[in-house]
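Colleague: Dumping the structure here so I can ask a few things about it.
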Amino acid sequence: MSGVFGVVDPHHRVDAAELAGKMAASLTHFAWHVAQWHDDAAVNAAIGRVGIGGFNLNPQPVWNADHTVAVCLAGELYGPNRSGTNPNSPVGATTDEQRLLDLYARHGLDFVCSVEGAFVCVILDLTQRRLVLANDRFAFYPAYYGQQNGRLVFGPEMKVVLLDPGFNRRIDLTALAQSMRFQQVLGERTFFDDIKLLPPGSRLVCDLDTAHATVSPYWSFSDIPYQPKVSFGEAVEEGGRL
């Protein structure tokens, strides 16, 4: 499963570099999978990505000019400023990763509001002392995260969180009941109390000094403009086109 992974542990109870290496190994299912990561010993944090070699062919993470902000990306971005399609775009980026860095420099945490695509990304900002995990509006790339023992661990599969040696595995009984009743777990729940699935169109912001993380939506279906004057025939025609 392509995606991004990482850990933030300011209390140094685990070695972020060692844990990131174990995550990468557990996510590399085939020989053609690509896993890359970076660890920062000063903040005891690491970010990385794993992919199948179809997108994001450049080495990751990608840094800004002064080497204070890094991004890892899985997936691709759409739109008129898509990499290689419009070299005169106001963003002026040549790759999707650089485009994200430019948008983040311009808009901060709101960078993802203007991004369209199928993606999940993580930004490590050493200046603002934060990590930002964000996905697309439909969450095509899953991102699971767990918070226990003063640290954040995340990745595209739940098992990377379970690699945390101090993680206490507690069954979420509500999720178990949902699975038995509906044959699936609903919303952001998983079978574990402290492992959640990042909701679609959301961003997670984690403080590098405390590992405290908050999740907030940046988009919802209510943001789609309502077109009240569409006739039934026009709706049929547009439905057919789509």
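Every chain in the structure tokens has a letter given in the order shown (A, B, ...), and although residue numbers restart at 1 in each chain, ligands are simply numbered from 1 in the order shown.
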As a ChimeraX atom specification, please: the residues near range 34-50 of chain A (cut-off 10 Å, only C-alpha atoms, same-chain neighbours under 3 positions excluded).
Modeller: /A:1-21,23-25,27-31,53-54,56-57,59-61,70-74,120-124,126,129,131,151-156,208-209,211
Colleague: Would you pick out the contacts of Ser202 in chain A at 9 Å or less, using only C-alpha atoms, so that residues sharing its chain but fewer than 3 positions from it are not included, and give the list as a PyMOL selection string?
Modeller: chain A and resi 112+133-137+139+198-199+215-219
Colleague: Kindly save the residues from that selection, with C-alpha atoms included, as a CSV table (one decimal), in the first residue's frame.
Modeller:
```
chain,number,residue,atom,x,y,z
A,112,VAL,CA,-4.0,21.9,1.2
A,133,LEU,CA,-0.3,15.1,7.7
A,134,ALA,CA,-2.9,15.8,5.0
A,135,ASN,CA,-4.9,13.7,2.5
A,136,ASP,CA,-7.1,14.4,-0.5
A,137,ARG,CA,-10.9,15.0,-0.4
A,139,ALA,CA,-8.9,9.7,1.2
A,198,LEU,CA,-7.5,10.1,9.0
A,199,PRO,CA,-10.9,11.3,7.6
A,215,VAL,CA,-7.2,16.7,13.4
A,216,SER,CA,-9.4,19.2,11.5
A,217,PRO,CA,-11.3,19.1,8.2
A,218,TYR,CA,-10.3,21.5,5.4
A,219,TRP,CA,-13.0,20.5,3.0
```
Colleague: Can you list, as an NGL selection string, all residues belonging to range 73-143 of chain A that DSSP tags as alpha helix (DSSP H)?
Modeller: :A and (96-107)
Colleague: Would you output that residue set with all heavy atoms, as a JSON list (two decimals), in the first residue's frame?
Modeller:
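Generated output (selection02.json):
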```json
[["chain", "number", "residue", "atom", "x", "y", "z"],
["A", 96, "ASP", "N", 5.42, 17.76, -8.16],
["A", 96, "ASP", "CA", 4.32, 17.86, -7.21],
["A", 96, "ASP", "C", 4.84, 18.18, -5.80],
["A", 96, "ASP", "O", 4.21, 18.94, -5.05],
["A", 96, "ASP", "CB", 3.52, 16.56, -7.18],
["A", 96, "ASP", "CG", 2.65, 16.39, -8.42],
["A", 96, "ASP", "OD1", 2.43, 17.39, -9.13],
["A", 96, "ASP", "OD2", 2.19, 15.26, -8.67],
["A", 97, "GLU", "N", 5.97, 17.60, -5.44],
["A", 97, "GLU", "CA", 6.53, 17.87, -4.11],
["A", 97, "GLU", "C", 6.92, 19.34, -3.95],
["A", 97, "GLU", "O", 6.63, 19.96, -2.92],
["A", 97, "GLU", "CB", 7.76, 16.98, -3.87],
["A", 97, "GLU", "CG", 7.45, 15.49, -3.81],
["A", 97, "GLU", "CD", 7.47, 14.83, -5.17],
["A", 97, "GLU", "OE1", 7.53, 15.54, -6.20],
["A", 97, "GLU", "OE2", 7.44, 13.60, -5.21],
["A", 98, "GLN", "N", 7.55, 19.90, -4.98],
["A", 98, "GLN", "CA", 7.92, 21.31, -4.93],
["A", 98, "GLN", "C", 6.70, 22.21, -4.91],
["A", 98, "GLN", "O", 6.69, 23.26, -4.27],
["A", 98, "GLN", "CB", 8.83, 21.65, -6.11],
["A", 98, "GLN", "CG", 10.19, 21.00, -6.02],
["A", 98, "GLN", "CD", 11.02, 21.16, -7.27],
["A", 98, "GLN", "OE1", 10.46, 21.32, -8.37],
["A", 98, "GLN", "NE2", 12.32, 21.10, -7.15],
["A", 99, "ARG", "N", 5.67, 21.78, -5.62],
["A", 99, "ARG", "CA", 4.44, 22.55, -5.61],
["A", 99, "ARG", "C", 3.86, 22.62, -4.20],
["A", 99, "ARG", "O", 3.41, 23.67, -3.74],
["A", 99, "ARG", "CB", 3.44, 21.94, -6.59],
["A", 99, "ARG", "CG", 2.12, 22.69, -6.65],
["A", 99, "ARG", "CD", 1.16, 22.01, -7.61],
["A", 99, "ARG", "NE", -0.16, 22.61, -7.53],
["A", 99, "ARG", "CZ", -1.24, 22.12, -8.10],
["A", 99, "ARG", "NH1", -1.15, 20.99, -8.80],
["A", 99, "ARG", "NH2", -2.41, 22.71, -7.99],
["A", 100, "LEU", "N", 3.86, 21.49, -3.51],
["A", 100, "LEU", "CA", 3.36, 21.47, -2.13],
["A", 100, "LEU", "C", 4.20, 22.36, -1.23],
["A", 100, "LEU", "O", 3.66, 23.10, -0.39],
["A", 100, "LEU", "CB", 3.34, 20.04, -1.60],
["A", 100, "LEU", "CG", 2.29, 19.10, -2.17],
["A", 100, "LEU", "CD1", 2.47, 17.69, -1.62],
["A", 100, "LEU", "CD2", 0.88, 19.60, -1.86],
["A", 101, "LEU", "N", 5.51, 22.33, -1.39],
["A", 101, "LEU", "CA", 6.39, 23.18, -0.59],
["A", 101, "LEU", "C", 6.10, 24.66, -0.84],
["A", 101, "LEU", "O", 6.06, 25.46, 0.10],
["A", 101, "LEU", "CB", 7.85, 22.87, -0.89],
["A", 101, "LEU", "CG", 8.41, 21.56, -0.32],
["A", 101, "LEU", "CD1", 9.81, 21.32, -0.84],
["A", 101, "LEU", "CD2", 8.39, 21.56, 1.20],
["A", 102, "ASP", "N", 5.89, 25.02, -2.11],
["A", 102, "ASP", "CA", 5.60, 26.41, -2.44],
["A", 102, "ASP", "C", 4.26, 26.84, -1.85],
["A", 102, "ASP", "O", 4.12, 27.94, -1.31],
["A", 102, "ASP", "CB", 5.60, 26.61, -3.95],
["A", 102, "ASP", "CG", 7.00, 26.57, -4.54],
["A", 102, "ASP", "OD1", 7.97, 26.62, -3.76],
["A", 102, "ASP", "OD2", 7.13, 26.47, -5.78],
["A", 103, "LEU", "N", 3.26, 25.98, -1.98],
["A", 103, "LEU", "CA", 1.95, 26.31, -1.42],
["A", 103, "LEU", "C", 2.01, 26.44, 0.10],
["A", 103, "LEU", "O", 1.38, 27.32, 0.70],
["A", 103, "LEU", "CB", 0.92, 25.24, -1.81],
["A", 103, "LEU", "CG", 0.49, 25.24, -3.28],
["A", 103, "LEU", "CD1", -0.36, 24.01, -3.58],
["A", 103, "LEU", "CD2", -0.28, 26.52, -3.61],
["A", 104, "TYR", "N", 2.78, 25.57, 0.73],
["A", 104, "TYR", "CA", 2.92, 25.63, 2.19],
["A", 104, "TYR", "C", 3.63, 26.92, 2.61],
["A", 104, "TYR", "O", 3.25, 27.55, 3.61],
["A", 104, "TYR", "CB", 3.69, 24.41, 2.68],
["A", 104, "TYR", "CG", 3.86, 24.37, 4.19],
["A", 104, "TYR", "CD1", 2.81, 24.00, 5.02],
["A", 104, "TYR", "CD2", 5.08, 24.68, 4.78],
["A", 104, "TYR", "CE1", 2.97, 23.97, 6.40],
["A", 104, "TYR", "CE2", 5.26, 24.65, 6.15],
["A", 104, "TYR", "CZ", 4.19, 24.29, 6.96],
["A", 104, "TYR", "OH", 4.35, 24.25, 8.33],
["A", 105, "ALA", "N", 4.64, 27.33, 1.85],
["A", 105, "ALA", "CA", 5.34, 28.57, 2.17],
["A", 105, "ALA", "C", 4.42, 29.78, 2.03],
["A", 105, "ALA", "O", 4.53, 30.75, 2.79],
["A", 105, "ALA", "CB", 6.56, 28.72, 1.26],
["A", 106, "ARG", "N", 3.49, 29.71, 1.07],
["A", 106, "ARG", "CA", 2.58, 30.84, 0.83],
["A", 106, "ARG", "C", 1.41, 30.87, 1.80],
["A", 106, "ARG", "O", 0.99, 31.93, 2.26],
["A", 106, "ARG", "CB", 2.03, 30.77, -0.60],
["A", 106, "ARG", "CG", 3.05, 31.01, -1.70],
["A", 106, "ARG", "CD", 2.47, 30.63, -3.05],
["A", 106, "ARG", "NE", 3.41, 30.84, -4.14],
["A", 106, "ARG", "CZ", 3.42, 31.89, -4.94],
["A", 106, "ARG", "NH1", 2.53, 32.84, -4.77],
["A", 106, "ARG", "NH2", 4.31, 31.99, -5.89],
["A", 107, "HIS", "N", 0.85, 29.69, 2.12],
["A", 107, "HIS", "CA", -0.43, 29.65, 2.82],
["A", 107, "HIS", "C", -0.39, 28.94, 4.18],
["A", 107, "HIS", "O", -1.41, 28.87, 4.85],
["A", 107, "HIS", "CB", -1.47, 28.96, 1.94],
["A", 107, "HIS", "CG", -1.63, 29.57, 0.59],
["A", 107, "HIS", "ND1", -2.11, 30.84, 0.40],
["A", 107, "HIS", "CD2", -1.34, 29.09, -0.65],
["A", 107, "HIS", "CE1", -2.13, 31.12, -0.90],
["A", 107, "HIS", "NE2", -1.65, 30.08, -1.55]]
```
Colleague: What does the distance between CA of Thr190 in chain A and CA of Leu204 in chain A come to in Å, to one decimal place?
Modeller: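 So the two atoms, CA of Thr190 in chain A and CA of Leu204 in chain A, lie 17.2 Å apart.
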Colleague: At what distance in Å, to one decimal, does CA of Ser114 in chain A lie from CA of Asn58 in chain A?
Modeller: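 That distance, rounded to one decimal, is 23.0 Å.
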Colleague: If DSSP is run on the backbone, what residues of range 65-242 of chain A are strand (DSSP E)? A reply as a PyMOL selection string would be ideal.
Modeller: chain A and resi 69-77+117-125+130-135+144-148+151-155+195-197+202-207+213-217
Colleague: If you count only C-alpha atoms, which residues fall within 6 Å of Val205 in chain A, apart from same-chain ones fewer than 6 positions away, as an MDAnalysis selection string?
Modeller: chainID A and resid 131:132 213:214
Colleague: So which one's closest to Ala175 in chain A, A:Gly240, A:Pro225, A:Gly187, A:Gly79? Using only C-alpha atoms, please.
Modeller: A:Gly187
Colleague: Quick one: pull the distance between CA of Phe119 in chain A and CA of Arg203 in chain A, Å, one decimal.
Modeller: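 Going from CA of Phe119 in chain A over to CA of Arg203 in chain A covers 12.3 Å.
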Colleague: When you count only C-alpha atoms, which of these residues is closest to Arg170 in chain A: A:Phe182, A:Phe192, A:Phe232, A:Tyr141?
Modeller: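 Checking each candidate against Arg170 in chain A, we get A:Phe192 as the closest.
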